[in-house]
Amino acid sequence: MSRLPDLTQYDAVLFDLDGVITPTAEVHMHAWRTMFEQLFADWDITPSYTDSDYFDHLDGKKRYDGVAALLRSRDVEVPWGDPSDAPEQDTVCGIGNRKNVVFSRVLREDGIAPYPGTMRLLDILDAAGVPSAVVSSSKNAEDVLAAAGIRARFPVVMDGVVAEREHLPSKPAPDVFLVAAKMAGVDPSRAAAVEDAISGVQSAAAGDFALVVGVDRGAGAHALENAGAHVVVSDLAEFADAHGSAS
C-alpha cells in the first residue's frame with residue numbers, strides 16, 4: 001500500500017463521478033441495458049446487447065456519442081436529432097433521452113451513496129488543502145452529487161452540460177480534463193486524474209496529467225493500464241490506507 005503515490009503532493013485531484021465517487025455506473029448500466037434490450041427487440045437488431053457493449057461503447061462517453069457508437073457497432077444509423085427530442089423519437093438524441101428517463105427514475109426512487117473509500121480519500125485531500133474537482137461526461141452529474149449529499153465538496157464540476165455548452169468533444173479526447181484543470185487553476189503536469197472508464201483514462205493520459213489513476217470497477221486492470229493509467233486500484237480506500245500507514 002505504501003508504494004502508492006501520495007495524492008496530497010499534487011496541486012489538485014480530478015475525479016470522474018460514475019464508478020469513482022458514486023456507484024452510479026451500476027445504475028447507468030442497468031438503465032442502458034433496459035433501454036437497449038427493448039430497442040434491439042423492437043428493431044430486430046443482432047447480436048443482442050451485452051454488458052461488454054457498455055464498457056466498449058458507452059462507459060465514459062457523452063450520452064449521445066455513446067448511443068451513436070453502439071448503434072454503429074450494429075451497422076445501424078439513425079438521424080442525430082436534437083437534445084430536445086422526446087424519448088419516443090427514433091433519433092440518437094431521442095434514444096439517449098429514453099435511457100435517461102429510466103436512470104432518473106431509479107436515482108429518484110433509490111437515491112445514491114458515495115463509495116466510503118472515496119470519501120475517506122476526499123477527507124484526506126481536504127485536510128491537506130488539495131482541491132478536488134469532478135470531470136464527468138454525464139448530464140446528470142449535478143443531480144447525482146446532490147442526491148449523494150456531496151455537491152459542496154467540489155468547487156469545480158465539469159459535466160456533460162458544460163461540455164455541450166462549450167462544444168467539447170467526449171472522452172477519450174483530453175478536452176474535458178484540460179478545461180476542468182483550467183477551471184481549477186492548476187496545470188495538468190502538477191495534477192492527478194482518477195478514472196474507472198477506459199475512455200476516461202485515455203482522456204487524462206492524452207491531457208498529460210502527472211498521474212493517471214485507474215479504478216477497476218469492471219473494465220479490467222490491464223485494459224486500464226494499456227489505456228494509460230500509471231497505477232490501478234480496485235478501490236480508492238487503498239490510497240487512504242496507504243496515507244494512514246505512511247503518516
# chains A, B, ... in the order shown; residues from 1 in each chain; ligands from 1
call {"tool": "select_by_dssp", "arguments": {"residues": "segment 31-146 of chain A", "states": "strand (DSSP E)", "output": "ChimeraX atom specification"}}
result
/A:132-135
call {"tool": "write_last_selection", "arguments": {"atoms": "N, CA and C atoms", "output": "CSV table (one decimal), in the first residue's frame"}}
result
chain,number,residue,atom,x,y,z
A,132,SER,N,-10.3,19.3,-4.9
A,132,SER,CA,-10.8,18.2,-5.7
A,132,SER,C,-11.8,18.7,-6.7
A,133,ALA,N,-11.9,18.1,-7.9
A,133,ALA,CA,-12.9,18.5,-8.9
A,133,ALA,C,-13.5,17.3,-9.5
A,134,VAL,N,-14.7,17.5,-10.1
A,134,VAL,CA,-15.4,16.4,-10.8
A,134,VAL,C,-15.3,16.6,-12.3
A,135,VAL,N,-14.9,15.6,-13.0
A,135,VAL,CA,-14.9,15.6,-14.5
A,135,VAL,C,-15.7,14.4,-15.0
call {"tool": "closest_atom_pairs", "arguments": {"of": "segment 15-116 of chain A", "to": "segment 231-247 of chain A", "cutoff": "10 Å", "atoms": "only C-alpha atoms", "output": "JSON lines"}}
result
{"residue": "A:Gly19", "atom": "CA", "partner": "A:Asp235", "partner_atom": "CA", "distance": 9.8}
{"residue": "A:Val20", "atom": "CA", "partner": "A:Leu236", "partner_atom": "CA", "distance": 8.0}
{"residue": "A:Ile21", "atom": "CA", "partner": "A:Leu236", "partner_atom": "CA", "distance": 9.1}
{"residue": "A:Tyr115", "atom": "CA", "partner": "A:Asp235", "partner_atom": "CA", "distance": 8.6}
{"residue": "A:Pro116", "atom": "CA", "partner": "A:Ala237", "partner_atom": "CA", "distance": 7.6}
call {"tool": "write_last_selection", "arguments": {"atoms": "N, CA, C and O atoms", "output": "CSV table (one decimal), in the first residue's frame"}}
result
chain,number,residue,atom,x,y,z
A,19,GLY,N,-18.8,5.6,-10.9
A,19,GLY,CA,-17.9,4.5,-10.7
A,19,GLY,C,-16.6,4.8,-10.0
A,19,GLY,O,-15.8,3.9,-9.6
A,20,VAL,N,-16.4,6.1,-9.7
A,20,VAL,CA,-15.2,6.6,-9.0
A,20,VAL,C,-15.7,7.2,-7.6
A,20,VAL,O,-15.2,6.8,-6.6
A,21,ILE,N,-16.6,8.1,-7.7
A,21,ILE,CA,-17.1,8.8,-6.5
A,21,ILE,C,-18.4,8.1,-6.0
A,21,ILE,O,-18.6,7.8,-4.8
A,115,TYR,N,-19.0,6.0,-2.6
A,115,TYR,CA,-18.1,5.0,-2.1
A,115,TYR,C,-17.4,5.4,-0.8
A,115,TYR,O,-16.8,6.5,-0.8
A,116,PRO,N,-17.5,4.6,0.3
A,116,PRO,CA,-16.8,5.0,1.5
A,116,PRO,C,-15.3,5.3,1.3
A,116,PRO,O,-14.8,6.2,1.9
call {"tool": "closest_residue", "arguments": {"among": "A:Met29, A:Ala210, A:Val186, A:Val201", "to": "Val130 of chain A", "atoms": "only C-alpha atoms"}}
result
A:Val186
call {"tool": "closest_residue", "arguments": {"among": "A:Pro47, A:Gly60, A:Gly200, A:Pro114", "to": "Thr24 of chain A", "atoms": "only C-alpha atoms"}}
result
A:Pro114
call {"tool": "residues_around", "arguments": {"residues": "Val13 of chain A", "least_positions_apart": "6", "cutoff": "6 Å", "atoms": "only C-alpha atoms", "output": "PyMOL selection string"}}
result
chain A and resi 132+191-193
call {"tool": "residues_around", "arguments": {"residues": "Val102 of chain A", "least_positions_apart": "2", "cutoff": "9 Å", "atoms": "only C-alpha atoms", "output": "count of residues only"}}
result
13
